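**Q** Quick one: the structure is below, and I'll ask about it shortly.
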Amino acid sequence: MTPLAAAANENLAEISNYLIYSSMAVYMLAFFAHIAEWTFGSRSKVGRTAAALTGAKEAAAAGAAATAPAVQVRGKGGATAVLDQPKVTTRSATGARDVPDGPGAAGGTVQGDLYGRIAVSLTALAFLIEAAGVVARALSVQRAPWGNMYEFSITFSTVAVGAYLVLLALKKNIRWLGLILVTTVLLDLGIAVTWLYTDSDQLVPALHSYWLWIHVSTAIFCGAVFYIGAAGAVLYLFRDSYESRLEAGRTPGRFRSSILERLPSAASLDKFSYRINAAVFPLWTFTIIAGAIWAGDAWGRYWGWDPKEVWSFVTWVAYACYLHARATAGWKGRKAAYLALFAFACWIWNYYGVNILLSGKHSYAGV
Amino acid sequence: MSTTDKATTETPDPASPAPDAADSADAAAGAQLSTAPLDDSPTGPAVGIGVIGWARWFWRQLTSMRVALILLFLLSLGAIPGSLVPQSNVDALKVADWKREHSSWVGVADKLQLFDVYSSVWFSAIYLLLFISLIGCIVPRSWQFVGQLRGRPPAAPRRLDRLPAHTTWRTEKTPDEVLGYARTVLRGSRFRTEPGKGHVAAEKGYLREAGNLIFHVALIVMLVAFAWGQYFKSEGGKLVLRGTGFSNTLTQYDDFKSGTLFDPDDLPPFSFTLDRFDATYEMTGPQRGTPRDFKAYVTFSDGAHGTPQKREIQVNKPLVVDGSKVYLLGHGYAPIVSVTDPTGKVIFKDAVPVLPQDANLTSTGAVKVTDGYKDKDGKKEQLGFNAVFVPSFAGEGMGTMFSQFPALLNPQLALNAWHGSLGVDSGLPQNVYRLTTTKMEPFKDESGQPFKQKLALGDTMTLPNGAGTVKFEGIERWATFSVTHQPGSGLALAGAIAAIAGLAGSLFIQRRRIWVRAVTGEDGVTVVEMAGLGRSESTKLPQELAELAAQLHQQAPSAPDPVEETPEGERG
Ligand code: HEM
């Protein structure tokens with residue numbers, strides 16, 4: 001028997017565990033900071049959505065201009081001032097509600113905003129700690145840290161938070177996601193350390209391949225970003241029904257209003273979710289193809305309807321269905337959002353359900 | 001929304017490109033930005049139009065986006081049962097187990113072809129309809145697209161300010177000068193331009209449509225490749241003992257499956273001998289015993305009389321020969337057993353492969369002595385032994401024959417001895433790893449119990465009544481290989497790559513039109529208007545328009561404004 005190439009470095013593995021626990025603590029703080037953000041933000045005057053929907057067009061225009069001084073809404077055919085640069089006027093589509101985006105969790109209040117910033121900083125800190133934990137885990141086993149479900153889970157949440165921070169850094173309007181994201185990350189890590197934990201170790205021979213790096217990394221990345229898209233779709237559904245209530249002249253409950261009022265408009269959330277999903281879809285296609293090539297190398301057939309393969313396929317077709325729905329007039333909006341959620345549910349099931357409940361060739365889950 | 005990107009959040013509804021559908025002249029400008037079929041709500045065929053009318057109606061339905069959507073959704077739902085119910089082409093044993101456990105369901109499940117979902121009538125119907133729909137969709141769209149490539153960007157709509165992105169300013173340049181600059185600017189950004197009366201029309205992003213068509217065609221290519229592979233594939237398995245060889249002909253395989261159109265003459269001629277097999281296992285920790293590395297060292301000859309070469313085969317690294325691949329699938333042990341007859345003559349000596357039953361390679365098998373045995377009375381008989389082999393026995397008093405570790409730490413072989421007729425001459429195919437004892441008698445020990453004994457390496461057991469001896473001489477290794485020939489995988493890969501490229505084009509490129517109009521206003525100053533229209537949802541259109549406007553503005557700067565008017569809309 002030949003000695004093992006790389007015995008797991010127990011020290012590093014332990015350090016990794018400490019880092020993961022520390023990041024959970026910091027995420028917890030970020031969670032409380034977000035709660036404070038939402039709490040203090042609620043003191044602000046909200047209700048612009050209602051104004052935009054029920055009030056005169058003037059109010060809407062005023063609302064839009066207030067949030068967006070960079071855009072000047074110009075009169076048709078009217079004369080213009082001497083400009084340094086021509087200014088572009090945009091028009092929304094017919095049928096879309098002309099609703100401004102909400103002010104965000106902080107509700108435009110200074111205190112809320114302060115807590116929000118603290119929350120984001122803590123999230124960034126927790127992200128760094130968690131990422132270090134993932135790297136330490138990888139070093140301890142001297143391979144890609146994606147050999148079992150515990151490792152998938154810690155990488156998954158790291159990537160989701162990373163994507164969120166990148167979008168924030170790109171100045172995208174995404175801070176509304178903070179609380180939900182931090183909550184689910186805590187949930188994910190909690191499940192990972194409690195039920196999925198596996199001591200750091202080597203891989204079974206079927207996983208010895210550079211395709212592990214390619215296929216598994218893109219799979220995790222797609223899942224994490226699809227998650228963000230799905231969160232957008234859920235919020236869209238809430239916000240959309242809120243807006244249509246207002247439109248119908250009804251008054252939603254105060255708590256509900258207070259939360260939903262601060263979110264971006266339904267149209268923005270819908271578009272956000274679509275863009276995320278559409279951008280990841282080609283990568284998901286690639287992931288499946290890479291997996292097929294790997295299966296061809298490891299098992300002698302590139303597609304064999306193994307449960308994992310079946311559910312990747314189902315997820316893929318469901319997302320394709322969603323993209324088609326968006327291109328078909330009658331299926332936009334809520335129906336498309338339900339499809340997106342169905343597709344994401346398939347992804348999650350493929351990850352937890354198939355790994356734990358169904359057995360197949362992919363049963364290296366190590367739980 | 002944050003303050004910075006408000007201007008970019010409002011983009012047009014792709015299905016109704018012109019903001020005001022009532023304005024049909026404007027609608028024309030947005031038409032043909034895509035080749036997507038119109039989503040007309042389905043109405044039945046007019047009464048009395050007969051079979052052809054119905055057929056046309058059916059075809060229109062089938063090729064509509066709505067039906068494509070429904071079929072896609074059905075496809076995703078239809079794939080699900082195959083992951084929940086075992087499939088006979090994947091694991092026939094599991095199917096049998098499932099049938100035993102759910103006996104009341106078997107009838108229904110069989111009717112619904114739940115054990116063969118992916119070749120079932122209903123699943124095939126879904127994807128065939130989808131692909132017919134797809135072809136019916138691609139063909140007209142391709143023609144339309146070619147037409148659009150040949151055509152020119154359409155003339156500017158009457159009211160540019162109604163388009164999703166719009167800008168205007170006044171300049172002292174003449175309209176012709178402005179339009180000249182505009183063409184240069186637009187061409188500089190690789191727009192296709194077309195001068196019109198008092199305006200320039202420009203369009204860009206045709207690759208979106210091309211990408212979309214390529215993607216859908218690539219899907220068909222992949223399906224064809226997959227079907228091709230199914231019909232012509234072959235897959236055979238072979239257990240090879242260390243020191244022995246295999247040559248690629250049909251008769252040598254232990255089991256062989258092939259597609260309906262496969263021809264055995266297509267098997268490429270090659271052979272190899274297994275020289276060595278190495279397995280490494282986790283020695284410590286909670287995953288002790290988990291395999292880490294398997295390697296088979298072979299001497300391989302290509303063709304009927306090729307020169308032998310040394311090669312290694314690993315789990316993820318098959319040996320590739322002329323379109324076929326040789327995979328390392330499994331491995332195990334083969335105890336070497338020798339048997340003597342009552343006179344002490346060795347009548348059998350062989351390595352007998354036993355099949356692993358668990359991860360620690362507790363293995364079972366059968367030793368069959370078919371020839372050469374005569375009992376004490378000189379009567380011809382056959383001997384059979386049920387064998388349980390454990391590479392790492394827990395130790396005396398530790399009970400059961402279950403291996404503690406997959407490597408050979410403490411190998412033990414337990415044998416049950418039988419005599420009589422093995423039944424191998426009956427002509428029925430026999431499992432070499434199992435004894436058929438219907439025509440056999442167990443040897444009995446003194447107490448009349450069936451005779452069995454556990455042997456360590458080198459041990460000999462004596463059969464009751466001087467019937468002979470059995471010696472556990474040594475241990476050999478074996479590895480199983482699967483030789484697969486899967487035509488069409490190159491085509492499938494090409495399709496896959498084209499699909500991803502097409503998809504990226506389709507999703508990341510946006511097709512859009514820009515118009516620049518320059519006319520002399522009432523006061524003799526030129527009014528420049530620019531507007532853009534995109535088909536897909538993108539933030540970039542207003543930004544792009546602003547950048548183009550800025551470039552044009554450099555060459556045609558704003559004229560001083562008449563003072564008396566204030567722009568409206570800046571109240572907020
Ligand atoms: C095998 C099944 C199919 C799959 C997996 C599939 C997948 C896709 C995907 C991923 C897109 C990109 C979405 C986008 O550009 O926004 C798309 C677009 C499109 N598909 Fe399919 N499709 C399939 C079948 C069909 C069929 C049968 C039709 C025709 C009825 C069709 C017509 C279209 C059209 C017109 C678009 C363009 C939509 C747009 O430009 O936004 N597809 N398809």
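So you can find residues: chains in the structure tokens are A, B, ... in the order shown, residues in each start at 1, and ligands are numbered from 1 in order.
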So that I can see what lies close to B:Thr168, please list as an MDAnalysis selection string the residues with an atom at most 7 Å from it, counting only C-alpha atoms and leaving out residues fewer than 6 positions away in the same chain.

**A** (chainID A and resid 86) or (chainID B and resid 528:530)

**Q** Output N, CA and C atoms for every residue in the selection just made, as a CSV table (one decimal), in the first residue's frame.

**A**
chain,number,residue,atom,x,y,z
A,86,PRO,N,-26.1,66.7,-24.1
A,86,PRO,CA,-27.5,66.4,-24.3
A,86,PRO,C,-28.0,65.4,-23.2
B,528,VAL,N,-31.9,69.0,-33.4
B,528,VAL,CA,-31.4,67.7,-33.5
B,528,VAL,C,-32.2,66.8,-32.6
B,529,GLU,N,-32.7,65.7,-33.1
B,529,GLU,CA,-33.3,64.7,-32.2
B,529,GLU,C,-32.7,63.4,-32.3
B,530,MET,N,-32.5,62.7,-31.2
B,530,MET,CA,-31.9,61.3,-31.3
B,530,MET,C,-32.8,60.5,-30.4

**Q** List every residue of stretch 204-396 of chain B that DSSP, applied to the backbone of this structure, places in helix (DSSP H, G or I), and write the result as a PyMOL selection string.

**A** chain B and resi 206-232+250-252+264-266

**Q** I need the chosen residues saved as a CSV table (one decimal), in the first residue's frame, with N, CA and C atoms.

**A**
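Ended up saving to result.csv:
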chain,number,residue,atom,x,y,z
B,206,TYR,N,-27.3,42.6,-34.7
B,206,TYR,CA,-27.9,41.5,-35.4
B,206,TYR,C,-27.5,40.1,-34.9
B,207,LEU,N,-26.3,40.2,-34.2
B,207,LEU,CA,-25.8,38.9,-33.7
B,207,LEU,C,-26.7,38.3,-32.6
B,208,ARG,N,-27.5,39.1,-32.0
B,208,ARG,CA,-28.4,38.5,-31.0
B,208,ARG,C,-29.3,37.5,-31.7
B,209,GLU,N,-29.9,37.9,-32.8
B,209,GLU,CA,-30.8,37.0,-33.5
B,209,GLU,C,-30.1,35.8,-34.0
B,210,ALA,N,-28.9,36.1,-34.6
B,210,ALA,CA,-28.1,35.0,-35.1
B,210,ALA,C,-27.8,34.0,-34.0
B,211,GLY,N,-27.4,34.6,-32.8
B,211,GLY,CA,-27.1,33.7,-31.7
B,211,GLY,C,-28.2,32.9,-31.3
B,212,ASN,N,-29.4,33.5,-31.2
B,212,ASN,CA,-30.6,32.8,-30.8
B,212,ASN,C,-30.9,31.6,-31.8
B,213,LEU,N,-30.8,31.9,-33.1
B,213,LEU,CA,-31.0,30.8,-34.1
B,213,LEU,C,-30.0,29.7,-33.9
B,214,ILE,N,-28.7,30.1,-33.8
B,214,ILE,CA,-27.7,29.1,-33.6
B,214,ILE,C,-27.9,28.3,-32.4
B,215,PHE,N,-28.4,28.9,-31.3
B,215,PHE,CA,-28.6,28.1,-30.1
B,215,PHE,C,-29.7,27.1,-30.4
B,216,HIS,N,-30.8,27.5,-31.0
B,216,HIS,CA,-31.9,26.5,-31.2
B,216,HIS,C,-31.5,25.4,-32.2
B,217,VAL,N,-30.7,25.8,-33.2
B,217,VAL,CA,-30.2,24.8,-34.1
B,217,VAL,C,-29.3,23.8,-33.4
B,218,ALA,N,-28.5,24.4,-32.5
B,218,ALA,CA,-27.5,23.5,-31.8
B,218,ALA,C,-28.3,22.5,-30.9
B,219,LEU,N,-29.4,22.9,-30.4
B,219,LEU,CA,-30.2,22.0,-29.6
B,219,LEU,C,-30.6,20.8,-30.5
B,220,ILE,N,-31.0,21.1,-31.7
B,220,ILE,CA,-31.4,20.0,-32.6
B,220,ILE,C,-30.1,19.1,-32.9
B,221,VAL,N,-29.0,19.7,-33.1
B,221,VAL,CA,-27.8,19.0,-33.4
B,221,VAL,C,-27.5,18.0,-32.2
B,222,MET,N,-27.6,18.6,-31.0
B,222,MET,CA,-27.4,17.7,-29.8
B,222,MET,C,-28.3,16.6,-29.7
B,223,LEU,N,-29.6,16.8,-30.0
B,223,LEU,CA,-30.5,15.7,-30.0
B,223,LEU,C,-30.2,14.6,-31.0
B,224,VAL,N,-29.8,15.1,-32.2
B,224,VAL,CA,-29.5,14.1,-33.3
B,224,VAL,C,-28.3,13.3,-32.8
B,225,ALA,N,-27.3,14.0,-32.3
B,225,ALA,CA,-26.0,13.3,-31.8
B,225,ALA,C,-26.4,12.3,-30.7
B,226,PHE,N,-27.3,12.7,-29.9
B,226,PHE,CA,-27.6,11.8,-28.8
B,226,PHE,C,-28.3,10.5,-29.3
B,227,ALA,N,-29.3,10.8,-30.2
B,227,ALA,CA,-30.0,9.6,-30.8
B,227,ALA,C,-29.0,8.7,-31.6
B,228,TRP,N,-28.1,9.3,-32.3
B,228,TRP,CA,-27.1,8.6,-33.1
B,228,TRP,C,-26.3,7.7,-32.2
B,229,GLY,N,-25.9,8.3,-31.1
B,229,GLY,CA,-25.1,7.6,-30.1
B,229,GLY,C,-25.9,6.4,-29.5
B,230,GLN,N,-27.2,6.6,-29.3
B,230,GLN,CA,-28.0,5.5,-28.7
B,230,GLN,C,-28.1,4.4,-29.7
B,231,TYR,N,-28.2,4.7,-31.0
B,231,TYR,CA,-28.4,3.6,-31.9
B,231,TYR,C,-27.1,2.8,-32.2
B,232,PHE,N,-26.0,3.5,-32.2
B,232,PHE,CA,-24.7,2.9,-32.6
B,232,PHE,C,-23.8,2.6,-31.5
B,250,LEU,N,-16.2,-9.8,-29.5
B,250,LEU,CA,-17.5,-10.0,-28.8
B,250,LEU,C,-17.5,-11.1,-27.8
B,251,THR,N,-16.8,-12.2,-28.2
B,251,THR,CA,-16.9,-13.4,-27.3
B,251,THR,C,-16.1,-13.2,-26.0
B,252,GLN,N,-15.2,-12.3,-26.0
B,252,GLN,CA,-14.4,-12.1,-24.8
B,252,GLN,C,-15.1,-11.4,-23.6
B,264,PRO,N,-21.0,-5.7,-34.8
B,264,PRO,CA,-19.9,-6.2,-34.0
B,264,PRO,C,-18.5,-6.1,-34.8
B,265,ASP,N,-18.6,-6.0,-36.1
B,265,ASP,CA,-17.4,-5.8,-36.8
B,265,ASP,C,-16.8,-4.4,-36.6
B,266,ASP,N,-17.6,-3.5,-36.0
B,266,ASP,CA,-17.0,-2.2,-35.8
B,266,ASP,C,-16.1,-2.2,-34.6

**Q** Using only C-alpha atoms and all ligand atoms, find each residue in chain B having at least one atom no more than 6 Å away from ligand 1; report its shortest atom-to-atom pair and that distance in Å (one decimal), rows by chain then rising number, as a Markdown table.

**A**
| residue | atom | partner | partner_atom_place_in_ligand_line | distance |
| --- | --- | --- | --- | --- |
| B:Ala36 | CA | ligand 1 | 35 (C) | 3.7 |
| B:Pro37 | CA | ligand 1 | 35 (C) | 5.9 |
| B:Thr63 | CA | ligand 1 | 30 (C) | 4.5 |
| B:Ser64 | CA | ligand 1 | 30 (C) | 4.6 |
| B:Met65 | CA | ligand 1 | 30 (C) | 4.1 |
| B:Ala68 | CA | ligand 1 | 27 (C) | 4.5 |
| B:Leu130 | CA | ligand 1 | 27 (C) | 5.5 |
| B:Ser133 | CA | ligand 1 | 27 (C) | 4.4 |
| B:Leu134 | CA | ligand 1 | 27 (C) | 3.3 |
| B:Cys137 | CA | ligand 1 | 29 (C) | 4.3 |
| B:Ser506 | CA | ligand 1 | 15 (O) | 5.0 |
| B:Leu507 | CA | ligand 1 | 15 (O) | 5.1 |

**Q** Go ahead and save the picked residues with N, CA and C atoms, as a PDB file, in the first residue's frame.

**A**
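out-v8.pdb was written with the following content:
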ATOM      1  N   ALA B  36     -39.021  36.649 -33.435  1.00  0.00           N
ATOM      2  CA  ALA B  36     -39.923  35.891 -32.573  1.00  0.00           C
ATOM      3  C   ALA B  36     -41.327  35.912 -33.150  1.00  0.00           C
ATOM      4  N   PRO B  37     -41.988  34.769 -33.139  1.00  0.00           N
ATOM      5  CA  PRO B  37     -43.339  34.754 -33.680  1.00  0.00           C
ATOM      6  C   PRO B  37     -44.261  35.602 -32.807  1.00  0.00           C
ATOM      7  N   THR B  63     -46.268  25.458 -33.425  1.00  0.00           N
ATOM      8  CA  THR B  63     -45.068  26.270 -33.567  1.00  0.00           C
ATOM      9  C   THR B  63     -45.185  27.614 -32.865  1.00  0.00           C
ATOM     10  N   SER B  64     -46.194  27.807 -32.074  1.00  0.00           N
ATOM     11  CA  SER B  64     -46.299  29.079 -31.370  1.00  0.00           C
ATOM     12  C   SER B  64     -45.436  29.049 -30.109  1.00  0.00           C
ATOM     13  N   MET B  65     -45.066  30.207 -29.660  1.00  0.00           N
ATOM     14  CA  MET B  65     -44.236  30.306 -28.467  1.00  0.00           C
ATOM     15  C   MET B  65     -44.950  29.731 -27.255  1.00  0.00           C
ATOM     16  N   ALA B  68     -44.633  26.077 -27.246  1.00  0.00           N
ATOM     17  CA  ALA B  68     -43.242  25.739 -26.934  1.00  0.00           C
ATOM     18  C   ALA B  68     -43.025  25.823 -25.430  1.00  0.00           C
ATOM     19  N   LEU B 130     -41.760  18.783 -29.060  1.00  0.00           N
ATOM     20  CA  LEU B 130     -40.993  19.999 -28.815  1.00  0.00           C
ATOM     21  C   LEU B 130     -40.013  20.249 -29.950  1.00  0.00           C
ATOM     22  N   SER B 133     -41.792  21.308 -33.025  1.00  0.00           N
ATOM     23  CA  SER B 133     -42.139  22.702 -32.813  1.00  0.00           C
ATOM     24  C   SER B 133     -40.921  23.598 -33.034  1.00  0.00           C
ATOM     25  N   LEU B 134     -39.799  23.118 -32.544  1.00  0.00           N
ATOM     26  CA  LEU B 134     -38.571  23.893 -32.658  1.00  0.00           C
ATOM     27  C   LEU B 134     -38.186  24.082 -34.121  1.00  0.00           C
ATOM     28  N   CYS B 137     -40.296  26.346 -35.852  1.00  0.00           N
ATOM     29  CA  CYS B 137     -40.071  27.714 -35.390  1.00  0.00           C
ATOM     30  C   CYS B 137     -38.815  28.295 -36.034  1.00  0.00           C
ATOM     31  N   SER B 506     -27.273  35.478 -27.706  1.00  0.00           N
ATOM     32  CA  SER B 506     -28.695  35.766 -27.611  1.00  0.00           C
ATOM     33  C   SER B 506     -29.046  36.535 -26.348  1.00  0.00           C
ATOM     34  N   LEU B 507     -28.337  36.251 -25.275  1.00  0.00           N
ATOM     35  CA  LEU B 507     -28.719  36.878 -24.014  1.00  0.00           C
ATOM     36  C   LEU B 507     -27.928  38.152 -23.716  1.00  0.00           C
TER      37      LEU B 507
END

**Q** For B:Val390, list every protein, DNA or RNA residue within 6 Å, evaluated using only C-alpha atoms, and leave out those in the same chain fewer than 3 positions away; present the list as a list in words.

**A**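 Final neighbour list, sorted by chain and number: Thr362, Phe393, Ser403, Pro411 and Gln412 of chain B.
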
**Q** Hey, what's within 8 Å of stretch 163-174 of chain A if we count only C-alpha atoms and toss same-chain stuff fewer than 3 positions away? As a list in words, please?

**A** Ala124, Val159, Ala160, Leu177, Gly178, Ala224, Val225 and Ile228 of chain A; Met1 and Ser2 of chain B

**Q** Keeping only N, CA, C and O atoms, write those residues as a short mmCIF file (atom, residue, chain, number, x, y, z; two decimals), in the first residue's frame.

**A**
data_model
loop_
_atom_site.label_atom_id
_atom_site.label_comp_id
_atom_site.auth_asym_id
_atom_site.auth_seq_id
_atom_site.Cartn_x
_atom_site.Cartn_y
_atom_site.Cartn_z
N ALA A 124 -19.33 42.40 4.88
CA ALA A 124 -18.08 42.30 4.14
C ALA A 124 -17.01 41.63 5.00
O ALA A 124 -16.26 40.76 4.52
N VAL A 159 -19.96 32.43 -1.88
CA VAL A 159 -20.13 32.98 -3.23
C VAL A 159 -21.36 33.89 -3.30
O VAL A 159 -21.31 34.96 -3.91
N ALA A 160 -22.44 33.49 -2.65
CA ALA A 160 -23.65 34.32 -2.70
C ALA A 160 -23.36 35.70 -2.10
O ALA A 160 -23.70 36.73 -2.69
N LEU A 177 -31.47 43.58 -0.40
CA LEU A 177 -31.31 42.15 -0.28
C LEU A 177 -30.64 41.76 1.03
O LEU A 177 -30.76 40.62 1.49
N GLY A 178 -29.94 42.73 1.64
CA GLY A 178 -29.06 42.45 2.77
C GLY A 178 -29.64 41.54 3.83
O GLY A 178 -29.06 40.49 4.14
N ALA A 224 -25.49 29.99 -6.33
CA ALA A 224 -25.46 31.15 -5.44
C ALA A 224 -26.09 32.36 -6.13
O ALA A 224 -26.85 33.12 -5.51
N VAL A 225 -25.79 32.53 -7.41
CA VAL A 225 -26.33 33.71 -8.08
C VAL A 225 -27.81 33.51 -8.43
O VAL A 225 -28.61 34.43 -8.34
N ILE A 228 -29.79 34.66 -5.62
CA ILE A 228 -30.06 36.09 -5.57
C ILE A 228 -31.21 36.46 -6.50
O ILE A 228 -32.10 37.24 -6.16
N MET B 1 -34.85 52.97 -5.85
CA MET B 1 -33.70 52.95 -6.76
C MET B 1 -32.70 54.03 -6.35
O MET B 1 -33.08 55.10 -5.94
N SER B 2 -31.47 53.72 -6.44
CA SER B 2 -30.47 54.73 -6.10
C SER B 2 -30.54 55.84 -7.14
O SER B 2 -31.06 55.68 -8.23
#

**Q** List the spatial neighbours of B:Ile80 as a count of residues only - criterion: any atom at most 9 Å away, only C-alpha atoms, same-chain residues fewer than 3 positions off excluded.

**A** 9

**Q** Would you kindly return, as a list of chain:residue names, each protein, DNA or RNA residue with an atom no farther than 6 Å from any atom of B:Val337, considering only C-alpha atoms and excluding same-chain residues fewer than 5 positions away?

**A** B:Lys349, B:Asp350, B:Lys471, B:Phe472, B:Glu473

**Q** Store the residues picked out above in a file with N, CA, C and O atoms, as a PDB file, in the first residue's frame.

**A**
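Generated file (again38.pdb):
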ATOM      1  N   LYS B 349      -6.192 -25.926  -9.606  1.00  0.00           N
ATOM      2  CA  LYS B 349      -5.500 -24.811  -8.964  1.00  0.00           C
ATOM      3  C   LYS B 349      -5.773 -23.576  -9.790  1.00  0.00           C
ATOM      4  O   LYS B 349      -5.409 -23.518 -10.958  1.00  0.00           O
ATOM      5  N   ASP B 350      -6.420 -22.620  -9.170  1.00  0.00           N
ATOM      6  CA  ASP B 350      -6.819 -21.455  -9.959  1.00  0.00           C
ATOM      7  C   ASP B 350      -7.073 -20.261  -9.066  1.00  0.00           C
ATOM      8  O   ASP B 350      -7.355 -20.407  -7.877  1.00  0.00           O
ATOM      9  N   LYS B 471      -6.592 -26.027  -0.393  1.00  0.00           N
ATOM     10  CA  LYS B 471      -5.596 -25.130   0.165  1.00  0.00           C
ATOM     11  C   LYS B 471      -5.815 -23.706  -0.346  1.00  0.00           C
ATOM     12  O   LYS B 471      -6.069 -23.484  -1.532  1.00  0.00           O
ATOM     13  N   PHE B 472      -5.715 -22.761   0.607  1.00  0.00           N
ATOM     14  CA  PHE B 472      -5.785 -21.337   0.262  1.00  0.00           C
ATOM     15  C   PHE B 472      -4.357 -20.904  -0.016  1.00  0.00           C
ATOM     16  O   PHE B 472      -3.595 -20.600   0.877  1.00  0.00           O
ATOM     17  N   GLU B 473      -3.998 -20.886  -1.302  1.00  0.00           N
ATOM     18  CA  GLU B 473      -2.592 -20.757  -1.684  1.00  0.00           C
ATOM     19  C   GLU B 473      -2.104 -19.324  -1.761  1.00  0.00           C
ATOM     20  O   GLU B 473      -0.933 -19.048  -1.513  1.00  0.00           O
TER      21      GLU B 473
END

**Q** With a distance cut-off of 8 Å and only C-alpha atoms, select the neighbouring residues of A:Ser312, excluding the residue or stretch itself and same-chain residues fewer than 2 positions from it, and output the selection as an mmCIF file with C-alpha atoms, in the first residue's frame.

**A**
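around-v9.cif, freshly written:
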data_model
loop_
_atom_site.group_PDB
_atom_site.id
_atom_site.type_symbol
_atom_site.label_atom_id
_atom_site.label_comp_id
_atom_site.auth_asym_id
_atom_site.auth_seq_id
_atom_site.Cartn_x
_atom_site.Cartn_y
_atom_site.Cartn_z
ATOM 1 C CA ILE A 288 -24.145 20.774 -17.244
ATOM 2 C CA LYS A 308 -28.298 14.328 -10.239
ATOM 3 C CA GLU A 309 -28.236 14.585 -13.998
ATOM 4 C CA VAL A 310 -32.003 14.413 -14.200
ATOM 5 C CA VAL A 314 -34.997 19.703 -15.015
ATOM 6 C CA THR A 315 -33.504 22.867 -13.570
ATOM 7 C CA TRP A 316 -32.079 23.829 -16.920
ATOM 8 C CA TRP A 347 -31.833 23.637 -8.041
ATOM 9 C CA ASN A 350 -30.952 18.882 -6.614
#

**Q** Nearest residue to B:Leu435 out of B:Lys99, B:Lys368, B:Lys452, B:Lys374, using only C-alpha atoms?

**A**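 Looking only at the distances to B:Leu435, the closest residue turns out to be B:Lys368.
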
**Q** Between B:Asp523, B:Ala394, B:His331, B:Ile514, which residue has the minimum interatomic distance to B:His199, considering only C-alpha atoms?

**A**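 Residue with the minimum atom-to-atom distance to B:His199: B:Ile514.
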
**Q** Choose the residue, out of B:Lys345, B:Lys317, B:Ala556, B:Leu186, that has the smallest atom-to-atom separation from A:Ala295; count only C-alpha atoms.

**A** B:Lys317

**Q** Restricting the calculation to only C-alpha atoms: of B:Thr244, B:Thr184, B:Ser189, B:Asn316, which residue gets closest to chain A?

**A** B:Asn316

**Q** Going by DSSP on the backbone, which bits of stretch 187-417 of chain B are strand (DSSP E)? Write them as a PyMOL selection string, please.

**A** chain B and resi 192-196+199-204+234-241+245-247+255-258+270-281+291-302+309-314+319-321+324-340+346-351+355-356+363-369+382-390+412-417

**Q** Quick one: pull the distance between atom CA of B:Glu282 and atom CA of B:Phe405, Å, one decimal.

**A**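 Here the two named atoms are 9.6 Å from each other.
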
**Q** With distances taken over only C-alpha atoms, which of A:Thr328, A:Ser244, A:Ser217, A:Thr251 is nearest to A:Leu283?

**A** A:Ser217

**Q** Mind giving me the straight-line distance from atom CA of B:Lys310 to atom CA of B:Lys233 in Å, one decimal?

**A** 27.5 Å
